[in-house]
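K.L.:
This one is entry04.txt, compact mmCIF, C-alpha atoms.
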```
# COMPACT_ATOMS: atom_id res chain seq x y z
CA MET A 114 34.31 162.12 123.66
CA SER A 115 33.56 164.06 120.44
CA ILE A 116 37.33 164.58 119.88
CA TYR A 117 37.81 160.81 119.42
CA LYS A 118 34.54 160.29 117.52
CA LYS A 119 36.07 161.89 114.43
CA TYR A 120 38.88 159.31 114.35
CA GLU A 121 36.72 156.20 114.74
CA GLY A 122 37.25 154.06 111.67
CA LYS A 123 40.34 156.06 110.73
CA LEU A 124 42.55 154.70 113.52
CA PRO A 125 42.65 151.06 114.70
CA GLU A 126 40.47 150.42 117.74
CA SER A 127 43.39 149.30 119.92
CA LEU A 128 45.30 152.50 119.15
CA LEU A 129 42.27 154.65 119.90
CA GLU A 130 41.73 152.88 123.23
CA GLU A 131 45.38 153.40 124.15
CA VAL A 132 45.17 157.12 123.38
CA LYS A 133 42.00 157.43 125.50
CA GLU A 134 43.76 155.64 128.36
CA LYS A 135 46.92 157.75 128.16
CA THR A 136 45.15 161.14 127.79
CA LYS A 137 42.89 160.80 130.82
CA GLY A 138 42.77 164.05 132.80
CA MET A 139 44.22 166.21 130.00
CA SER A 140 42.58 169.34 128.72
CA ASP A 141 40.56 169.08 125.50
CA SER A 142 43.08 171.12 123.52
CA ARG A 143 45.94 168.81 124.60
CA LYS A 144 43.87 165.72 123.83
CA LYS A 145 43.21 167.13 120.35
CA LYS A 146 46.92 167.76 119.79
CA VAL A 147 47.84 164.23 120.93
CA ILE A 148 45.28 162.47 118.75
CA GLU A 149 46.24 164.58 115.73
CA GLU A 150 49.90 163.68 116.24
CA VAL A 151 49.03 159.98 116.65
CA TYR A 152 46.96 160.09 113.45
CA ARG A 153 49.78 161.79 111.56
CA GLU A 154 52.28 159.16 112.76
CA TYR A 155 49.85 156.36 111.90
CA MET A 156 49.32 157.63 108.37
CA HIS A 157 53.08 158.00 107.97
CA ALA A 158 53.63 154.41 109.15
CA LYS A 159 51.05 152.95 106.76
CA VAL A 160 52.36 151.16 103.70
CA ASP A 161 51.55 152.81 100.41
CA ALA A 162 49.19 151.03 98.05
CA GLY A 163 51.12 148.90 95.58
CA GLU A 164 54.17 148.59 97.82
CA SER A 165 55.73 145.14 97.34
CA VAL A 166 55.70 144.28 101.03
CA GLY A 167 56.63 140.63 100.52
CA LEU A 168 59.78 141.52 98.65
CA VAL A 169 60.82 144.14 101.21
CA ALA A 170 60.14 141.71 104.07
CA ALA A 171 62.15 138.96 102.37
CA GLU A 172 65.12 141.28 101.86
CA SER A 173 64.87 142.74 105.37
CA ILE A 174 64.93 139.32 107.01
CA GLY A 175 67.27 137.64 104.51
CA GLU A 176 70.06 140.22 104.58
CA PRO A 177 70.60 140.22 108.37
CA GLY A 178 70.20 136.43 108.19
CA THR A 179 73.50 136.25 106.34
CA GLN A 180 75.22 137.86 109.35
CA MET A 181 73.89 135.24 111.74
CA THR A 182 76.10 132.69 113.41
CA LEU A 183 75.39 128.98 113.30
CA ASN A 184 75.55 127.91 116.89
CA THR A 185 73.74 126.23 119.76
CA PHE A 186 73.50 127.76 123.19
CA HIS A 187 74.54 125.43 125.98
CA PHE A 188 73.59 125.64 129.66
CA ALA A 189 76.77 125.23 131.67
CA GLY A 190 76.82 122.29 134.06
CA VAL A 191 73.75 120.53 132.69
CA SER A 192 74.21 117.79 130.12
CA GLU A 193 71.75 117.47 127.21
CA MET A 194 70.48 121.00 127.94
CA ASN A 195 71.23 122.97 124.82
CA ILE A 196 69.06 125.20 122.68
CA THR A 197 69.27 125.76 118.94
CA VAL A 198 69.79 129.46 118.26
CA GLY A 199 70.94 131.59 115.35
CA LEU A 200 70.25 130.73 111.75
CA PRO A 201 69.34 127.04 112.28
CA ARG A 202 66.56 128.13 114.64
CA VAL A 203 65.15 130.71 112.21
CA ILE A 204 65.18 128.11 109.41
CA GLU A 205 63.47 125.59 111.72
CA ILE A 206 60.64 128.04 112.49
CA LEU A 207 60.09 129.40 108.99
CA ASP A 208 60.21 125.93 107.44
CA GLY A 209 57.40 124.99 109.81
CA ARG A 210 59.13 121.81 110.99
CA LYS A 211 56.92 119.52 113.03
CA THR A 212 59.73 118.08 115.13
CA ILE A 213 62.28 120.59 116.30
CA LYS A 214 65.82 119.83 117.36
CA THR A 215 65.74 121.11 120.93
CA PRO A 216 62.23 121.55 122.32
CA MET A 217 62.21 123.46 125.62
CA MET A 218 59.79 125.16 127.97
CA GLU A 219 59.89 128.10 130.34
CA ILE A 220 57.56 127.28 133.19
CA TYR A 221 56.41 130.24 135.28
CA LEU A 222 55.10 129.42 138.72
CA LYS A 223 52.49 130.77 141.09
CA SER A 224 53.36 132.02 144.58
CA PRO A 225 55.06 130.76 146.80
CA TYR A 226 56.99 128.58 144.29
CA ASN A 227 58.14 131.57 142.24
CA LYS A 228 59.95 132.85 145.34
CA GLY A 229 61.99 129.64 145.42
CA LYS A 230 60.01 127.73 148.04
CA GLY A 231 60.10 123.99 147.28
CA ILE A 232 61.18 124.67 143.71
CA ARG A 233 63.77 121.86 143.62
CA GLU A 234 61.18 119.24 144.61
CA LEU A 235 58.70 120.66 142.10
CA ALA A 236 61.30 120.63 139.32
CA LEU A 237 62.22 117.01 140.08
CA SER A 238 58.54 116.01 140.09
CA ILE A 239 58.16 117.50 136.58
CA LYS A 240 61.19 115.67 135.16
CA GLU A 241 60.37 112.39 133.47
CA THR A 242 61.90 109.59 135.53
CA THR A 243 62.58 106.27 133.85
CA LEU A 244 63.89 103.15 135.53
CA LYS A 245 67.47 103.70 134.40
CA ASN A 246 67.47 107.09 136.23
CA ILE A 247 66.84 105.47 139.62
CA ALA A 248 68.39 102.01 139.23
CA SER A 249 71.98 101.66 140.35
CA GLU A 250 72.31 98.14 138.92
CA LEU A 251 70.47 95.65 136.70
CA SER A 252 71.70 92.06 137.04
CA THR A 253 70.46 89.08 135.08
CA SER A 254 70.53 85.43 136.02
CA ILE A 255 69.99 83.25 132.98
CA ALA A 256 69.95 80.01 134.98
CA GLU A 257 66.96 81.21 137.02
CA GLY A 258 65.52 83.31 134.18
CA LYS A 259 65.27 86.47 136.22
CA VAL A 260 66.36 90.11 136.28
CA ASP A 261 67.19 91.85 139.58
CA ILE A 262 66.84 95.62 139.84
CA ILE A 263 68.82 97.33 142.59
CA LEU A 264 67.40 100.82 143.17
CA ASP A 265 69.41 103.82 144.33
CA LYS A 266 67.97 104.78 147.74
CA GLN A 267 69.09 108.43 147.56
CA LYS A 268 67.61 109.00 144.10
CA MET A 269 64.36 107.36 145.20
CA LYS A 270 64.20 109.68 148.18
CA ASP A 271 64.88 112.76 146.01
CA THR A 272 62.15 111.94 143.52
CA GLY A 273 59.70 110.49 146.05
CA ILE A 274 59.51 107.11 144.33
CA THR A 275 58.78 103.91 146.25
CA ALA A 276 59.43 100.29 145.26
CA GLY A 277 55.64 99.80 145.07
CA LEU A 278 55.36 102.55 142.46
CA VAL A 279 58.16 100.98 140.41
CA ILE A 280 56.43 97.57 140.49
CA ALA A 281 53.10 99.13 139.46
CA SER A 282 54.82 100.99 136.59
CA LEU A 283 56.58 97.85 135.34
CA LYS A 284 53.37 95.81 135.21
CA LYS A 285 52.07 97.85 132.26
CA PRO A 286 54.89 97.26 129.73
CA LEU A 287 55.67 93.69 130.89
CA LYS A 288 53.25 90.84 130.28
CA GLY A 289 53.64 87.26 131.49
CA VAL A 290 56.27 87.86 134.19
CA ASN A 291 56.34 87.67 137.98
CA ILE A 292 57.44 90.90 139.70
CA LYS A 293 58.13 90.92 143.42
CA LYS A 294 59.95 93.00 146.01
CA ILE A 295 62.80 91.13 147.70
CA GLU A 296 64.18 93.92 149.87
CA GLU A 297 63.29 97.58 150.35
CA ASN A 298 65.32 98.57 147.28
CA ILE A 299 65.59 95.31 145.33
CA ILE A 300 62.96 94.12 142.85
CA SER A 301 63.09 90.77 141.09
CA ILE A 302 61.44 90.01 137.74
CA LYS A 303 61.07 86.32 136.87
CA VAL A 304 60.24 85.24 133.32
CA LYS A 305 57.47 82.63 133.36
CA GLY A 306 57.52 79.40 131.42
CA LYS A 307 59.47 76.14 131.63
CA GLU A 308 61.81 76.82 128.72
CA GLU A 309 63.10 80.30 129.51
CA LYS A 310 64.83 81.46 126.41
CA ILE A 311 68.04 83.40 127.03
CA ASN A 312 66.93 86.19 124.75
CA GLU A 313 63.63 86.55 126.69
CA VAL A 314 65.58 87.58 129.79
CA TYR A 315 67.63 90.06 127.81
CA LYS A 316 64.51 91.41 126.12
CA VAL A 317 62.96 92.08 129.52
CA LYS A 318 66.16 93.77 130.72
CA GLU A 319 66.29 96.09 127.70
CA LYS A 320 62.58 96.82 127.87
CA ILE A 321 62.58 97.90 131.50
CA LYS A 322 65.53 100.29 131.17
CA GLY A 323 63.40 102.96 129.56
CA ALA A 324 60.21 102.14 131.48
CA TYR A 325 58.35 105.31 132.54
CA ILE A 326 57.96 105.62 136.31
CA LYS A 327 56.98 109.18 137.20
CA GLY A 328 56.93 112.82 136.08
CA VAL A 329 55.81 114.52 132.88
CA LYS A 330 56.48 112.50 129.73
CA GLY A 331 58.86 114.15 127.28
CA ILE A 332 60.69 116.34 129.80
CA THR A 333 64.20 114.97 130.01
CA GLN A 334 65.92 117.68 132.03
CA VAL A 335 64.90 120.51 134.40
CA LEU A 336 66.73 123.59 135.58
CA PRO A 337 65.33 126.07 138.10
CA VAL A 338 66.75 129.54 137.39
CA LYS A 339 66.20 133.00 138.77
CA ARG A 340 64.91 135.50 136.26
CA GLY A 341 64.57 139.03 137.62
CA ASP A 342 63.08 138.64 141.07
CA GLU A 343 61.29 135.33 140.52
CA PHE A 344 62.23 131.71 139.93
CA ILE A 345 61.20 129.81 136.81
CA ILE A 346 61.89 126.28 135.60
CA ILE A 347 63.55 125.77 132.23
CA THR A 348 63.11 122.31 130.75
CA ALA A 349 64.62 120.27 127.95
CA GLY A 350 61.72 118.61 126.18
CA SER A 351 58.20 119.93 126.02
CA ASN A 352 54.72 118.84 127.08
CA LEU A 353 52.48 121.87 127.39
CA LYS A 354 49.24 119.96 127.89
CA GLU A 355 50.43 118.07 130.97
CA ILE A 356 52.20 121.08 132.48
CA PHE A 357 49.01 123.17 132.17
CA LYS A 358 47.22 120.62 134.36
CA MET A 359 49.51 121.39 137.31
CA LYS A 360 48.05 123.75 139.89
CA GLU A 361 51.47 125.29 140.75
CA VAL A 362 51.99 126.53 137.17
CA ASP A 363 51.12 130.03 135.97
CA THR A 364 49.46 129.02 132.70
CA THR A 365 49.19 132.60 131.41
CA ARG A 366 52.95 132.98 130.98
CA THR A 367 54.29 129.44 130.58
CA MET A 368 55.77 129.00 127.11
CA THR A 369 57.18 126.33 124.85
CA ASN A 370 59.31 126.88 121.75
CA ASP A 371 57.42 124.21 119.82
CA ILE A 372 55.09 126.15 117.52
CA TYR A 373 53.01 123.13 116.50
CA GLU A 374 52.34 122.25 120.11
CA ILE A 375 51.11 125.81 120.74
CA ALA A 376 48.85 125.60 117.66
CA ASN A 377 47.34 122.29 118.87
CA ILE A 378 46.71 123.44 122.43
CA LEU A 379 46.16 127.20 122.26
CA GLY A 380 45.10 127.69 118.64
CA ILE A 381 46.42 129.35 115.50
CA GLU A 382 46.38 132.92 116.86
CA ALA A 383 48.74 131.92 119.64
CA ALA A 384 50.92 130.04 117.14
CA ARG A 385 51.17 133.16 114.95
CA GLN A 386 52.30 135.18 117.96
CA ALA A 387 54.76 132.44 118.88
CA VAL A 388 56.30 132.55 115.38
CA ILE A 389 56.78 136.32 115.74
CA ASN A 390 58.22 136.05 119.26
CA GLU A 391 60.58 133.19 118.45
CA VAL A 392 62.01 134.72 115.27
CA TYR A 393 62.33 138.12 116.93
CA LYS A 394 64.07 136.57 119.94
CA VAL A 395 66.73 134.98 117.71
CA ILE A 396 67.29 138.15 115.68
CA GLU A 397 67.57 140.26 118.82
CA ALA A 398 69.97 137.83 120.50
CA GLN A 399 72.26 138.16 117.49
CA GLY A 400 72.27 141.96 117.89
CA LEU A 401 70.52 142.55 114.56
CA ASN A 402 67.81 145.04 113.82
CA VAL A 403 64.73 143.99 111.84
CA ASP A 404 61.40 145.81 111.92
CA ILE A 405 58.84 143.59 113.62
CA ARG A 406 56.34 144.22 110.81
CA HIS A 407 58.38 142.15 108.37
CA ILE A 408 58.28 139.22 110.76
CA MET A 409 54.55 139.77 111.34
CA LEU A 410 53.93 139.55 107.60
CA VAL A 411 55.80 136.25 107.37
CA ALA A 412 53.91 134.88 110.40
CA ASP A 413 50.59 135.97 108.83
CA ALA A 414 51.46 134.21 105.59
CA MET A 415 52.35 131.03 107.49
CA CYS A 416 49.18 130.97 109.60
CA ALA A 417 46.59 132.54 107.27
CA GLY A 418 45.02 129.21 106.31
CA GLY A 419 44.20 128.24 109.89
CA GLU A 420 47.14 125.87 110.26
CA ILE A 421 50.89 126.37 110.22
CA ARG A 422 52.49 126.05 106.81
CA GLY A 423 56.21 126.48 106.33
CA ILE A 424 57.78 128.58 103.62
CA THR A 425 58.73 125.54 101.58
CA ARG A 426 57.58 123.93 98.34
CA TYR A 427 55.22 121.75 100.38
CA GLY A 428 53.89 124.64 102.46
CA ILE A 429 52.97 128.13 101.30
CA VAL A 430 54.55 127.83 97.84
CA SER A 431 52.45 124.79 96.92
CA GLU A 432 49.29 126.87 97.35
CA LYS A 433 50.23 129.79 95.11
CA ALA A 434 47.71 130.40 92.36
CA SER A 435 50.36 131.01 89.73
CA VAL A 436 52.06 128.03 88.05
CA LEU A 437 55.12 130.07 87.09
CA ALA A 438 55.56 131.33 90.65
CA ARG A 439 55.53 127.76 91.94
CA ALA A 440 57.92 126.66 89.21
CA SER A 441 60.33 129.48 90.04
CA PHE A 442 60.76 128.23 93.60
CA GLU A 443 61.84 124.59 93.22
CA THR A 444 61.23 121.58 90.93
CA PRO A 445 60.06 123.65 87.91
CA ILE A 446 59.58 120.77 85.44
CA ARG A 447 57.21 118.94 87.78
CA HIS A 448 55.02 122.02 88.29
CA ILE A 449 54.85 122.87 84.62
CA ILE A 450 54.02 119.29 83.55
CA ASN A 451 51.32 118.95 86.23
CA ALA A 452 49.80 122.29 85.21
CA ALA A 453 49.82 121.29 81.52
CA LEU A 454 48.08 118.00 82.30
CA VAL A 455 45.08 119.75 83.85
CA GLY A 456 45.16 122.84 81.61
CA GLU A 457 45.88 125.38 84.32
CA VAL A 458 45.73 129.09 83.46
CA ASP A 459 48.15 131.67 84.87
CA LYS A 460 46.60 135.11 85.31
CA LEU A 461 50.04 136.78 85.75
CA ASP A 462 48.88 139.04 88.57
CA SER A 463 51.90 138.82 90.87
CA VAL A 464 55.60 139.66 90.85
CA VAL A 465 57.62 136.57 89.92
CA GLU A 466 55.66 135.45 86.90
CA ASN A 467 55.84 138.91 85.27
CA VAL A 468 59.57 139.15 85.86
CA MET A 469 59.95 135.78 84.14
CA LEU A 470 58.05 137.04 81.09
CA ASN A 471 59.85 140.41 81.03
CA GLN A 472 56.71 142.43 81.67
CA PRO A 473 56.12 145.40 84.01
CA VAL A 474 55.42 144.08 87.50
CA PRO A 475 52.02 145.07 88.99
CA VAL A 476 53.46 146.75 92.09
CA GLY A 477 54.42 150.35 92.86
CA THR A 478 54.20 152.49 89.73
CA GLY A 479 53.36 149.42 87.67
CA LEU A 480 50.08 148.98 89.55
CA PRO A 481 47.85 151.66 87.99
CA GLY A 482 47.11 151.59 84.27
CA LEU A 483 46.70 154.83 82.36
CA ILE A 484 43.69 155.42 80.16
CA THR A 485 43.86 158.21 77.58
CA LYS A 486 41.04 159.52 75.48
CA VAL A 487 42.10 159.51 71.86
CA LYS A 488 40.45 162.21 69.72
```
Write out the structure in this file as structure tokens.
P.N.:
Amino acid sequence: MSIYKKYEGKLPESLLEEVKEKTKGMSDSRKKKVIEEVYREYMHAKVDAGESVGLVAAESIGEPGTQMTLNTFHFAGVSEMNITVGLPRVIEILDGRKTIKTPMMEIYLKSPYNKGKGIRELALSIKETTLKNIASELSTSIAEGKVDIILDKQKMKDTGITAGLVIASLKKPLKGVNIKKIEENIISIKVKGKEEKINEVYKVKEKIKGAYIKGVKGITQVLPVKRGDEFIIITAGSNLKEIFKMKEVDTTRTMTNDIYEIANILGIEAARQAVINEVYKVIEAQGLNVDIRHIMLVADAMCAGGEIRGITRYGIVSEKASVLARASFETPIRHIINAALVGEVDKLDSVVENVMLNQPVPVGTGLPGLITKVK
């Protein structure tokens, strides 16, 4: 163990553990060689003091970003199942947008579902079913002040929905109406009151169309696909909290592309990792090459305060200590006036503000100051 003792504190713990794991059963001289080589590589990979990492990261992500295409990826054969990819997706993540254009989940399953057993039924039970998905016809009779719902028997069978469940679900959103089953697949809703207003009947009809019956709220479409040698379910729409409650789901691998949802349910560390994964996934899909450390730096900056903040004038930029740095980003007059009103002081200890004032920037060779003794 004495070989590794020397490197404790010099190498990160995770790296040291990995080396210990990989060098099991080697002779001491080989172990020594390996750890020395790892240390040399690690020191080589470290960033020099005074290196302007933010600038390098911005250039390294921004330049390949100009090569990106502006498209959405569409799943063939499934309507409303498309995913934002390319530049719009990167912008969406780095701006820290709370509502994203195409939320989706990849649901990994436990055995035997991941082998394809009963996966269609499971997928359909996850999908949010509203009344308009299972009703083949809605007819209104203004004279009698009622709405008749004719349910599609096949769709009811597929989703395992009964007329009783539909009636129970309709009782919540509708108040002051009589709901009763006429036949096995026909439900009648009668508006109470002597003077049934025409618009009351229409209001009821419109209200019940989107009434929630069954499934996980927010998941509008499901698609079981085979990935490698197991089956997973891809969804349009996202609801991580409810999906995690299902016993068939492998919660350790199930993912959503909604960063805020991850932050709320799994915490900021998971959200930081999700930012890295999502940006990297887009860059890789476009066939571009960006060092992961640049993306990690951006993710760190976004999540450092304990909550996600986008790289916008309302996010990270608004919290910069320097007035001039804030003013250089967007809306300069506003920043300068607000700073003047409260008498803010700018210490000029970063890049942008020194460039603006035509002074040496305190990075790289501009970081150390020279002191000479004058005789």
K.L.:
Fewer than 6 positions away in the same chain doesn't count, so skip those; otherwise give me all residues within 12 Å of Val304 (chain A), counting only C-alpha atoms, as an MDAnalysis selection string.
P.N.:
chainID A and resid 253:261 287:293 310:318
K.L.:
At most 12 Å is the cut-off: for each residue in region 206-308 of chain A with any atom that close to an atom of region 341-359 of chain A, write down the nearest atom pair and the distance in Å rounded to one decimal, counting all atoms listed in the file, chain first then increasing number, as a Markdown table.
P.N.:
```
| residue | atom | partner | partner_atom | distance |
| --- | --- | --- | --- | --- |
| A:Thr212 | CA | A:Ser351 | CA | 11.2 |
| A:Ile213 | CA | A:Gly350 | CA | 10.1 |
| A:Lys214 | CA | A:Gly350 | CA | 9.8 |
| A:Thr215 | CA | A:Gly350 | CA | 7.1 |
| A:Pro216 | CA | A:Gly350 | CA | 4.9 |
| A:Met217 | CA | A:Ala349 | CA | 4.6 |
| A:Met218 | CA | A:Thr348 | CA | 5.2 |
| A:Glu219 | CA | A:Ile347 | CA | 4.7 |
| A:Ile220 | CA | A:Ile346 | CA | 5.1 |
| A:Tyr221 | CA | A:Ile345 | CA | 5.0 |
| A:Leu222 | CA | A:Ile345 | CA | 6.4 |
| A:Lys223 | CA | A:Ile345 | CA | 9.8 |
| A:Ser224 | CA | A:Glu343 | CA | 9.5 |
| A:Pro225 | CA | A:Glu343 | CA | 10.0 |
| A:Tyr226 | CA | A:Phe344 | CA | 7.5 |
| A:Asn227 | CA | A:Phe344 | CA | 4.7 |
| A:Lys228 | CA | A:Glu343 | CA | 5.6 |
| A:Gly229 | CA | A:Phe344 | CA | 5.9 |
| A:Lys230 | CA | A:Phe344 | CA | 9.3 |
| A:Gly231 | CA | A:Phe344 | CA | 10.9 |
| A:Ile232 | CA | A:Phe344 | CA | 8.1 |
| A:Arg233 | CA | A:Ile346 | CA | 9.3 |
| A:Glu234 | CA | A:Ile346 | CA | 11.5 |
| A:Leu235 | CA | A:Ile346 | CA | 9.2 |
| A:Ala236 | CA | A:Ile346 | CA | 6.8 |
| A:Leu237 | CA | A:Ile346 | CA | 10.3 |
| A:Ser238 | CA | A:Met359 | CA | 10.9 |
| A:Ile239 | CA | A:Ile356 | CA | 8.1 |
| A:Lys240 | CA | A:Thr348 | CA | 8.2 |
| A:Glu241 | CA | A:Gly350 | CA | 9.7 |
```
K.L.:
Mind checking which residues fall within 9 Å of Met194 (chain A), counting only C-alpha atoms, ignoring those fewer than 2 positions away in the same chain, and posting them as number ranges by chain?
P.N.:
A: 186-192, 196, 215, 217, 333-336, 348-349
K.L.:
Which one of A:Gly199, A:Gly331, A:Gly167, A:Gly138 sits closest to Tyr393 (chain A) if you count only C-alpha atoms?
P.N.:
A:Gly199
K.L.:
How many Å lie between CA of Thr272 (chain A) and CA of Ile375 (chain A), rounded to one decimal?
P.N.:
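Interatomic distance here is 28.9 Å.
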K.L.:
Provide the CA of Gly428 (chain A) to CA of Ala162 (chain A) distance in Å, to one decimal place.
P.N.:
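CA of Ala162 (chain A) lies 27.2 Å from CA of Gly428 (chain A).
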K.L.:
Give the answer as one residue: which of A:Ser252, A:Met469, A:Ile247, A:Lys137 has the shortest atom-to-atom distance to Thr275 (chain A), using all atoms listed in the file?
P.N.:
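Ranked by minimum distance to Thr275 (chain A), first place goes to A:Ile247.
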K.L.:
Smallest atom-to-atom distance to Thr243 (chain A): which of A:Val329, A:Ala412, A:Val198, A:Ala384, using all atoms listed in the file?
P.N.:
A:Val329
K.L.:
Point out the residue among A:Lys245, A:Arg406, A:Lys211, A:Arg385 with the least atom-to-atom distance to Lys159 (chain A), counting only C-alpha atoms.
P.N.:
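Using only C-alpha atoms, the shortest distance to Lys159 (chain A) belongs to A:Arg406.
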K.L.:
Could you tell me how far CA of Lys270 (chain A) lies from CA of Thr367 (chain A), in Å and to one decimal?
P.N.:
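If I compute the distance from CA of Lys270 (chain A) to CA of Thr367 (chain A), I get 28.3 Å.
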K.L.:
Would you place a box with edges along x, y and z of the file around all atoms of region 219-234 of chain A listed there, add 8 Å to each of its six sides, and report the centre and edge lengths in Å to one decimal, as lines of an AutoDock Vina configuration file?
P.N.:
```
center_x = 58.1
center_y = 126.0
center_z = 139.2
size_x = 27.3
size_y = 29.6
size_z = 33.7
```
K.L.:
Anything within 10 Å of (68.6, 136.4, 112.6): list those residues as a list in words, counting only C-alpha atoms and sticking to the file's coordinates.
P.N.:
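Every polymer residue passing the test: Ile174, Gly175, Glu176, Pro177, Gly178, Thr179, Gln180, Met181, Thr182, Val198, Gly199, Leu200, Pro201, Arg202, Val203, Ile204, Val392, Tyr393, Lys394, Val395, Ile396, Glu397, Ala398, Gln399, Gly400, Leu401, Asn402 and Val403 of chain A.
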K.L.:
Give me a file of those residues, with C-alpha atoms, as a PDB file, in the coordinates of the input.
P.N.:
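Output below, filename part_37.pdb:
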```
ATOM      1  CA  ILE A 174      64.930 139.320 107.010  1.00  0.00           C
ATOM      2  CA  GLY A 175      67.270 137.640 104.510  1.00  0.00           C
ATOM      3  CA  GLU A 176      70.060 140.220 104.580  1.00  0.00           C
ATOM      4  CA  PRO A 177      70.600 140.220 108.370  1.00  0.00           C
ATOM      5  CA  GLY A 178      70.200 136.430 108.190  1.00  0.00           C
ATOM      6  CA  THR A 179      73.500 136.250 106.340  1.00  0.00           C
ATOM      7  CA  GLN A 180      75.220 137.860 109.350  1.00  0.00           C
ATOM      8  CA  MET A 181      73.890 135.240 111.740  1.00  0.00           C
ATOM      9  CA  THR A 182      76.100 132.690 113.410  1.00  0.00           C
ATOM     10  CA  VAL A 198      69.790 129.460 118.260  1.00  0.00           C
ATOM     11  CA  GLY A 199      70.940 131.590 115.350  1.00  0.00           C
ATOM     12  CA  LEU A 200      70.250 130.730 111.750  1.00  0.00           C
ATOM     13  CA  PRO A 201      69.340 127.040 112.280  1.00  0.00           C
ATOM     14  CA  ARG A 202      66.560 128.130 114.640  1.00  0.00           C
ATOM     15  CA  VAL A 203      65.150 130.710 112.210  1.00  0.00           C
ATOM     16  CA  ILE A 204      65.180 128.110 109.410  1.00  0.00           C
ATOM     17  CA  VAL A 392      62.010 134.720 115.270  1.00  0.00           C
ATOM     18  CA  TYR A 393      62.330 138.120 116.930  1.00  0.00           C
ATOM     19  CA  LYS A 394      64.070 136.570 119.940  1.00  0.00           C
ATOM     20  CA  VAL A 395      66.730 134.980 117.710  1.00  0.00           C
ATOM     21  CA  ILE A 396      67.290 138.150 115.680  1.00  0.00           C
ATOM     22  CA  GLU A 397      67.570 140.260 118.820  1.00  0.00           C
ATOM     23  CA  ALA A 398      69.970 137.830 120.500  1.00  0.00           C
ATOM     24  CA  GLN A 399      72.260 138.160 117.490  1.00  0.00           C
ATOM     25  CA  GLY A 400      72.270 141.960 117.890  1.00  0.00           C
ATOM     26  CA  LEU A 401      70.520 142.550 114.560  1.00  0.00           C
ATOM     27  CA  ASN A 402      67.810 145.040 113.820  1.00  0.00           C
ATOM     28  CA  VAL A 403      64.730 143.990 111.840  1.00  0.00           C
TER      29      VAL A 403
END
```
K.L.:
Write out as a list in words each polymer residue whose atoms come within 7 Å of region 474-483 of chain A, counting only C-alpha atoms; drop sequence neighbours fewer than 2 positions from it.
P.N.:
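The filter keeps Gly163, Glu164, Ser165, Asp462, Ser463, Val464, Asn467, Val468, Gln472 and Thr485 of chain A.
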K.L.:
Choose the residue, out of A:Asn390, A:Tyr117, A:Glu319, A:Gly423, that has the smallest atom-to-atom separation from Glu149 (chain A); count all atoms listed in the file.
P.N.:
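Ranked by minimum distance to Glu149 (chain A), first place goes to A:Tyr117.
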K.L.:
Could you pull the residues within 9 Å of Arg422 (chain A), counting all atoms listed in the file, minus those fewer than 4 positions along the same chain, as number ranges by chain?
P.N.:
A: 207-210, 414-418, 427-429
K.L.:
Using only C-alpha atoms, which of A:Glu382, A:Lys285, A:Ala387, A:Met156 sits nearest Asn370 (chain A)?
P.N.:
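Going through A:Glu382, A:Lys285, A:Ala387, A:Met156 one by one, the smallest distance to Asn370 (chain A) is for A:Ala387.
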K.L.:
Write a file for region 176-185 of chain A, containing N, CA and C atoms (output as an mmCIF file, in the first residue's frame).
P.N.:
```
data_model
loop_
_atom_site.group_PDB
_atom_site.id
_atom_site.type_symbol
_atom_site.label_atom_id
_atom_site.label_comp_id
_atom_site.auth_asym_id
_atom_site.auth_seq_id
_atom_site.Cartn_x
_atom_site.Cartn_y
_atom_site.Cartn_z
ATOM 1 N N GLU A 176 -17.792 27.557 -31.361
ATOM 2 C CA GLU A 176 -17.349 27.352 -32.754
ATOM 3 C C GLU A 176 -18.015 26.137 -33.397
ATOM 4 N N PRO A 177 -17.999 24.946 -32.735
ATOM 5 C CA PRO A 177 -18.730 23.823 -33.348
ATOM 6 C C PRO A 177 -20.232 24.090 -33.420
ATOM 7 N N GLY A 178 -20.724 24.933 -32.508
ATOM 8 C CA GLY A 178 -22.154 25.279 -32.518
ATOM 9 C C GLY A 178 -22.586 25.922 -33.815
ATOM 10 N N THR A 179 -21.662 26.618 -34.474
ATOM 11 C CA THR A 179 -22.011 27.250 -35.756
ATOM 12 C C THR A 179 -22.164 26.212 -36.864
ATOM 13 N N GLN A 180 -21.605 25.025 -36.657
ATOM 14 C CA GLN A 180 -21.725 23.968 -37.689
ATOM 15 C C GLN A 180 -23.005 23.148 -37.514
ATOM 16 N N MET A 181 -23.710 23.404 -36.413
ATOM 17 C CA MET A 181 -24.871 22.556 -36.112
ATOM 18 C C MET A 181 -26.039 22.837 -37.035
ATOM 19 N N THR A 182 -26.851 21.808 -37.218
ATOM 20 C CA THR A 182 -28.053 21.992 -38.039
ATOM 21 C C THR A 182 -29.224 22.324 -37.129
ATOM 22 N N LEU A 183 -30.236 22.938 -37.709
ATOM 23 C CA LEU A 183 -31.397 23.341 -36.918
ATOM 24 C C LEU A 183 -32.558 22.414 -37.243
ATOM 25 N N ASN A 184 -32.586 21.262 -36.605
ATOM 26 C CA ASN A 184 -33.669 20.352 -37.003
ATOM 27 C C ASN A 184 -34.294 19.643 -35.808
ATOM 28 N N THR A 185 -35.437 18.997 -36.086
ATOM 29 C CA THR A 185 -36.049 18.144 -35.067
ATOM 30 C C THR A 185 -36.019 16.721 -35.597
#
```
